[in-house]
Structure formats: structure tokens, C-alpha cells
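**Q** Have a look at the structure that comes next, please.
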Amino acid sequence: MEPLTEKKLKSLEFMANRLREDVIAMVSRAGSGHIAGPLGMADVFAAFYFHILKHDPKHPAWPERDRLILSNGHICPVQYAVLAHAGYFPVEELRTLRRLGTRLQGHPHRGALPGIETTSGPLGSGIAQSIGIALAAKLDAKKWQTYCLTSDGEHEEGNTWEAVMFAGKNRLNNLTVVIDRNNIQIDGFTENVMPLEPLREKYESFNWHVLEIDGHSFEQIIAAAAEARAIYEKPTAIIAHTIAGKGVDFMEKDYLWHSKTFKPGEAEHALKELRTLGGKIKSEHE
Amino acid sequence: MLNPALHLNPKLFDADAEQRPTRDGYGDGLVAAGDADQNVVALCADLTESTRTEAFAKKFPGRFFELGVAEQNMATVAAGLGISGKIPFIASYATFSPGRNWEQIRTTIAYNDSNVKIAGHHAGISVGPDGATHQATEDIAIMRTMPNMKVFVPCDAIEARKATEAAAHIWGPVYLRFQREKTPVMTTTETPYAPGKAEIFWIPSAGIKKPEVSIIVCGAITYNALAAARELEKEKIGVIVLNCHTIKPLDERKIIECVKKTGAVVTVEEHQIAGGLGGAVAETLAKYHPVPMEFVGMRDGFGESGQPAQLLEKYNMDVKSIVIAVKKAIKRK
Ligand SMILES: Cc1ncc(C[n+]2csc(CCOP(=O)(O)OP(=O)(O)O)c2C)c(N)n1
Ligand SMILES: [Mg+2]
């Protein structure tokens with residue numbers, strides 16, 4: 001991984017804001033889809049695709065690439081946006097989200113779009129699939145890393161914990177899980193629906209290395225990924241504390257924005273707010 | 001013409017006909033069942049609003065349980081409640097329940113004969129933009145092959161309410177299938193409904209010679225079957241439309257009675273052709289009265305994102321496809 005320069009940091013901030021704008025535009029155009037989760041994970045996605053991952057957008061099937069598996073598939077608008085900006089497919093195609101015939105399915109489909117490693121949407125099966133992928137790397141003595149992005153709500157699924165137990169047992173040091181700890185899900189705040197705390201201790205007791213970070217700090221995201229790569233006794237879980245709906249005041253922390261249809265004017269308001277933030281960053285480049 | 005004996009919605013074909021999703025009927029029926037019997041309890045897995053469990057949860061907070069995103073746990077907890085005097089209703093999207101938790105349902109609910117009602121929502125391809133992962137097109141097959149399980153597929157919100165209430169009164173495991181989209185309300189509160197009893201919604205009008213095909217249908221797509229019958233009548237082709245809202249136990253007597261009259265059959269469902277309503281009807285006819293048969297449904301493929309009407313057209317479940325299937329069945333006689 002290259003060092004994180006001041007210039008790179010600015011470009012990541014700029015990219016994350018661009019991803020947020022795209023998410024708002026895509027979902028409002030589609031008329032349905034998820035919003036709060038994608039906005040909250042925009043910084044993590046920008047950090048991975050523009051700094052952490054070893055990948056080649058022009059050769060999506062490059063065998064030596066790091067694998068990034070999105071387990072909570074409903075936040076795919078932000079992954080689609082980052083894949084497009086990284087060069088996997090034309091940015092204009094983002095407009096087709098959820099339309100008949102699109103490669104940008106409502107939930108990601110393996111094979112439909114370059115850069116999508118596996119199908120997701122039904123929650124709780126991403127960590128287990130990532131384990132299979134990481135095991136294959138071990139069997140073939142390959143150096144690439146497997147990263148699984150998952151959510152707090154997904155930790156209510158039994159399959160998640162079956163997988164966590166297995167990875168701990170098998171000391172899968174080439175596997176890193178990033179948990180979007182935004183404290184919301186569909187029916188409300190996660191701790192009301194089904195308390196997950198103490199999450200850190202849960203992972204530790206399953207023999208994982210655990211890091212907790214501010215999921216909006218590029219320095220912390222990147223440092224955590226570097227530490228995860230360096231740890232060789234265990235798999236690593238990075239608990240990324242994020243703000244659902246990050247960047248748009250009326251969405252932040254309102255769980256109903258998990259997925260909601262925009263009323264007239266709301267998308268424009270959100271875009272305006274994001275653009276003023278972006279404006280701040282842009283002005284320094286201009 | 002619409003069967004005048006059934007008190008169907010006379011405004012059914014009007015542009016402003018009332019539209020409601022069948023899942024609304026689940027919400028209404030669940031509250032009514034809860035009012036009628038305090039042993040009725042409701043469970044949900046982080047989809048309380050979209051499965052319409054919300055009204056019950058608000059009215060009977062002490063009898064509502066939020067499981068979080070944990071469909072397997074939901075089914076097994078319900079199994080325990082159901083063998084302990086309670087009448088649990090569990091709700092999620094059909095791809096997750098009874099999809100993900102199928103074995104839990106099989107062993108702990110069906111084999112145990114536990115009194116659990118399984119509500120599978122967002123069934124069929126008309127789920128739309130969410131795409132294939134959320135479009136259940138195999139659920140009728142996996143549930144009807146399960147011993148002890150009954151399978152109800154209501155055609156509109158009113159019938160869905162009746163089916164939900166009926167499920168609460170019947171002992172034992174029941175699978176109820178609901179759909180997301182608003183669809184025309186075809187029945188009225190006066191329309192007769194009894195589990196296991198299929199109803200003839202459409203008969204040839206006076207002046208049309210005898211019916212040539214029986215269209216056997218379940219779910220909201222019943223509307224498309226009726227619309228197809230109307231189109232066909234313009235071409236002087238008479239048909240019967242049989243609303244087969246109970247896939248199991250199947251109303252074999254009524255099916256055979258209709259098919260003996262018509263000598264050909266078309267089944268219509270928002271489900272895989274293999275193993276669903278079409279499969280069930282074919283098993284019966286092969287045994288008692290084989291006739292030329294056409295199947296309208298998913299042809300061994302997954303769905304995709306799109307608007308509901310676009311998808312029904314692309315996957316050959318629109319009115320036109322039913323008309324074509326009827327003509328094909330007639331040719332094969
Ligand atoms: C197996 C399964 N059950 C239910 C759902 C419906 N669902 C979609 S998102 C979601 C909430 C999950 O919580 P989280 O991932 O934390 O949501 P977010 O933070 O993005 O709001 C649910 C229940 C699903 N996609 N998969
Ligand atoms: Mg969450």
C-alpha cells in the first residue's frame with residue numbers, strides 16, 4: 001500500500017463525496033433502493049477501491065487481485081458508483097440502476113457486472129462465502145487478500161456466527177471483515193431490534209483480531225487495513241463506526257432512510273447539500 | 001363474463017378499479033385473527049412494515065415478537081410456540097421464509113405438526129426493481145411437497161384477509177403467499193371463500209358456445225387471466241377461469257369437472273412452471289383425465305430488476321401470453 005499523502009487524502013475525500021452524489025442521483029432516478037447505508041459507507045468504499053485494494057479495473061478477473069465481497073448487498077449503489085469511477089464500466093451506466101435489462105441489478109449479481117465477486121442481497125451469507133474464497137487462496141498458496149464488507153444488521157443471522165466461528169478456528173489470517181456499525185436497520189435502531197453489544201468482545205472470544213475505527217476517517221480506515229494485512233495469527237474484524245446517511249443532514253441517524261422513496265424536492269435538497277460540501281474540497285483544487 | 005353468483009367486483013375492469021396489494025390483506029386478517037383469539041401471536045424478522053405485521057404489533061404489543069434478521073430462528077421459535085397452545089404467524093419475504101429456513105420449517109413445524117402459519121411476502125416476479133434475489137418463484141413448489149403443509153395463494157387483498165383468518169382457525173401448518181404490488185381487487189366481502197374450494201370466476205357469456213379451455217390460476221395474476229378471458233370472448237372463444245387459491249389440498253373434484261367440460265387446460269401462476277400450481281394440476285389430470293395442457297409461468301429461469309408490468313411481459317405472464325397459451329391448447333385438442 002502506498003503512503004497516504006495529503007494530496008491523496010484530498011482526492012479520496014473528493015471521491016467519497018462524488019460517490020454520495022451519485023448514490024442520491026441513482027436511487028432517486030430509480031424510484032426505489034437503499035440510501036442511508038450507501039452514504040454511510042462511501043468513505044470506506046473510496047478508501048478500498050482507490051487506495052487499499054490490489055486490483056485492475058481493466059482486468060476484473062486478474063487472478064492475483066484482492067477480493068472484495070459485499071455481503072450486505074442492498075448498499076450496492078455505492079459499490080456500483082465506486083466501480084464505475086475506478087474504471088470497471090462507464091459512469092453513464094449508473095443511470096440504469098434497477099431498470100429492465102440493466103447490469104446494475106437491484107441487488108448485486110455475480111456475472112452481471114465486472115467487479116462483482118458474488119451475488120448478495122439476502123443477508124448473512126457474505127462472510128461464509130469470503131471464507132471459502134480465502135480458503136481457496138490458502139490452498140493455492142496465493143498472496144491476495146479477501147475483504148468482506150458487512151453490516152451490523154447482518155449479525156443477527158445465524159450464518160454470520162457460524163462463519164465467524166469457522167474463520168477463528170482456522171486462523172484465516174488472509175480474511176478481513178469490515179462491519180458497517182451504523183446502528184440502524186429496517187425496524188429501528190439495532191440495539192432496540194436485537195442488541196449486538198458487546199460486539200468487539202464477541203469477535204475476540206471467537207479468536208479474531210478486532211479493530212474499532214471511525215468509518216469516516218481515511219487515515220483510520222487505511223491504517224486498519226494495513227494492520228489487518230500484517231496480523232498473521234488470526235482473521236481481523238474492523239468495526240467501522242459510521243453515520244447512516246452521512247453527508248445529508250435530514251438523513252443522518254433517521255433509520256427510516258434505510259430505504260425510502262424521495263418526496264419531490266428531497267433528492268435535490270440532498271444533492272445541494274452534498275455539492276456545497278464538495279464545493280469546499282473542489283475550491284482548493286481549482 | 002364474470003360469474004354472477006360470486007359477487008365479484010363489478011367495476012373490476014374499470015380504469016379506476018380499486019387496487020391493493022395482497023400483503024395488505026395479511027395485515028387486516030392478522031389483526032382480525034388476533035381480535036378473535038388471544039392465542040394468536042405474530043413474529044417478524046426486521047420487516048414489520050413491509051410484511052404488514054405492523055398493525056398487529058401496535059394493537060397487541062405483548063403478542064408481537066421482533067426476531068431481528070433471523071428467519072431460521074423465527075421459524076424454530078414459532079415451532080415451539082405452536083406446540084405450546086399458541087397460534088404463531090411468522091412473516092418475512094418468501095425467498096427468506098420459507099426459502100432460507102425451509103429445513104427448520106420441514107422438521108420443527110411440519111413434521112412436528114406445530115400450529116404455525118408461515119406468511120411468505122414479496123412472492124413472484126412482480127416484486128420488481130429489487131431483482132431476482134428478492135423474487136420468490138419456487139416457494140409454492142417447496143411448500144406443497146412438504147407433508148402436513150397446506151398452501152394458500154390468495155388473488156387479492158380481500159381474499160388474502162379471508163385466507164389469513166381461515167389459517168388461524170385451521171389446525172396445523174399453513175403456508176400463505178402474498179405479493180408486494182398493488183393489484184386490482186377482484187372479489188368482495190360477499191364472495192364465497194373456503195380453503196380447499198376453488199371458485200369459477202369466469203364463464204362464457206350467453207351466445208358463446210361451450211367453453212373451450214379451463215384457465216386455472218392462483219394469486220394476483222388471476223386478474224390477467226380474467227382480462228385474457230375477456231379478450232378471447234371478443235374473438236368468440238369461451239373459457240372458464242378457475243381461481244385455485246388453495247394449492248394444497250387441491251380441489252381435484254372441481255378441476256376435473258371443469259376440464260371435462262373444456263377438454264383443454266392452461267395454468268397461470270407467478271411461479272416456476274415446475275412444481276407449482278401447474279405441476280399440481282398436471283399431477284391430478286395425468287391421474288384422472290389427461291388433456292392438452294399449456295403452462296404460463298417462469299420457465300426455469302431467475303427474474304431480474306424492472307417494473308412489474310415490464311417483467312410480466314418479458315417473462316410471458318402478461319394477458320397476451322395467456323391468450324396465446326389458450327389458443328395453443330385449443331389447437332392441440
Ligand atoms: C435474509 C434477509 N432477510 C431480510 C432481508 C431484508 N432486509 C434488507 S436490509 C435489512 C436490514 C439489515 O440491517 P443493516 O444491514 O444494518 O441495514 P442498514 O444499516 O443498511 O440500514 C433487511 C432486514 C434481507 N435482505 N435478507
Ligand atoms: Mg445497519
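Residues in the C-alpha cells are numbered from 1 in each chain, the chains being A, B, ... in the order shown, and ligands are numbered from 1 in the order shown.
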Around ligand 1, at most 6 Å away and counting only C-alpha atoms and all ligand atoms, which residues are there? Put them as a ChimeraX atom specification, please.
**A** /A:37,72,121-123,151-154,182,184-186,258 /B:46-47,69,96
**Q** Contacts between chain B and chain A, please, where a residue of chain A counts if it comes within 9 Å (with only C-alpha atoms); show its shortest atom pair and distance in Å to one decimal, rows by chain and ascending number, as CSV.
**A**
```
residue,atom,partner,partner_atom,distance
A:Ala30,CA,B:Pro129,CA,8.4
A:Ser32,CA,B:Pro129,CA,7.4
A:Gly33,CA,B:Asp130,CA,7.6
A:His74,CA,B:Asp130,CA,8.8
A:Leu97,CA,B:Ser305,CA,8.7
A:Arg98,CA,B:Pro129,CA,5.1
A:Arg99,CA,B:Gly306,CA,4.9
A:Leu100,CA,B:Gly306,CA,4.1
A:Gly101,CA,B:Ser305,CA,7.4
A:Thr102,CA,B:Ser305,CA,7.5
A:Leu104,CA,B:Ser305,CA,8.5
A:Gln105,CA,B:Ser305,CA,5.6
A:Gly106,CA,B:Asp130,CA,4.4
A:His107,CA,B:Asp130,CA,6.3
A:Pro108,CA,B:Thr133,CA,8.8
A:His109,CA,B:Thr133,CA,8.6
A:Thr119,CA,B:Thr133,CA,8.4
A:Ser120,CA,B:Thr133,CA,7.6
A:Gly121,CA,B:Thr133,CA,6.4
A:Pro122,CA,B:Thr133,CA,6.7
A:Leu123,CA,B:Val69,CA,7.8
A:Gly124,CA,B:Val69,CA,8.7
A:Gly153,CA,B:Val69,CA,6.7
A:Glu154,CA,B:Val69,CA,6.8
A:His155,CA,B:Val69,CA,8.1
A:Glu156,CA,B:Val69,CA,5.3
A:Glu157,CA,B:Ala70,CA,4.8
A:Gly158,CA,B:Ala70,CA,6.8
A:Gln185,CA,B:Asp46,CA,7.6
A:Ile186,CA,B:Asp46,CA,5.9
A:Asp187,CA,B:Asp46,CA,5.2
A:Gly188,CA,B:Asp46,CA,8.5
A:Thr190,CA,B:Gly68,CA,8.6
A:Val193,CA,B:Gly68,CA,5.8
A:Met194,CA,B:Gly68,CA,5.8
```
**Q** I need the residues in segment 58-299 of chain B that are alpha helix (DSSP H) according to DSSP; give them as an NGL selection string.
**A** :B and (58-59 or 71-82 or 102-104 or 139-144 or 157-169 or 222-234 or 252-262 or 277-288)
**Q** May I have the residues within 12 Å of Glu283 of chain B as a PyMOL selection string, using only C-alpha atoms and disregarding those fewer than 5 positions away in the same chain?
**A** chain B and resi 250+252+255-256+274-278+288-291+293
**Q** Between atom CA of Ala194 of chain B and atom CA of Asp28 of chain B, what is the distance in Å, rounded to a tenth?
**A**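 Separation of atom CA of Ala194 of chain B and atom CA of Asp28 of chain B: 17.6 Å.
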**Q** Using DSSP on the backbone, list every residue of segment 161-285 of chain A that comes out as strand (DSSP E), and give them as a PyMOL selection string.
**A** chain A and resi 175-181+184-185+188-189+209-214+236-241
**Q** Of the residues A:Trp161, A:Leu4, A:Ala223, A:Asn173, which is the one nearest to Lys202 of chain A, using only C-alpha atoms?
**A**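 The shortest atom-to-atom distance to Lys202 of chain A comes from A:Trp161.
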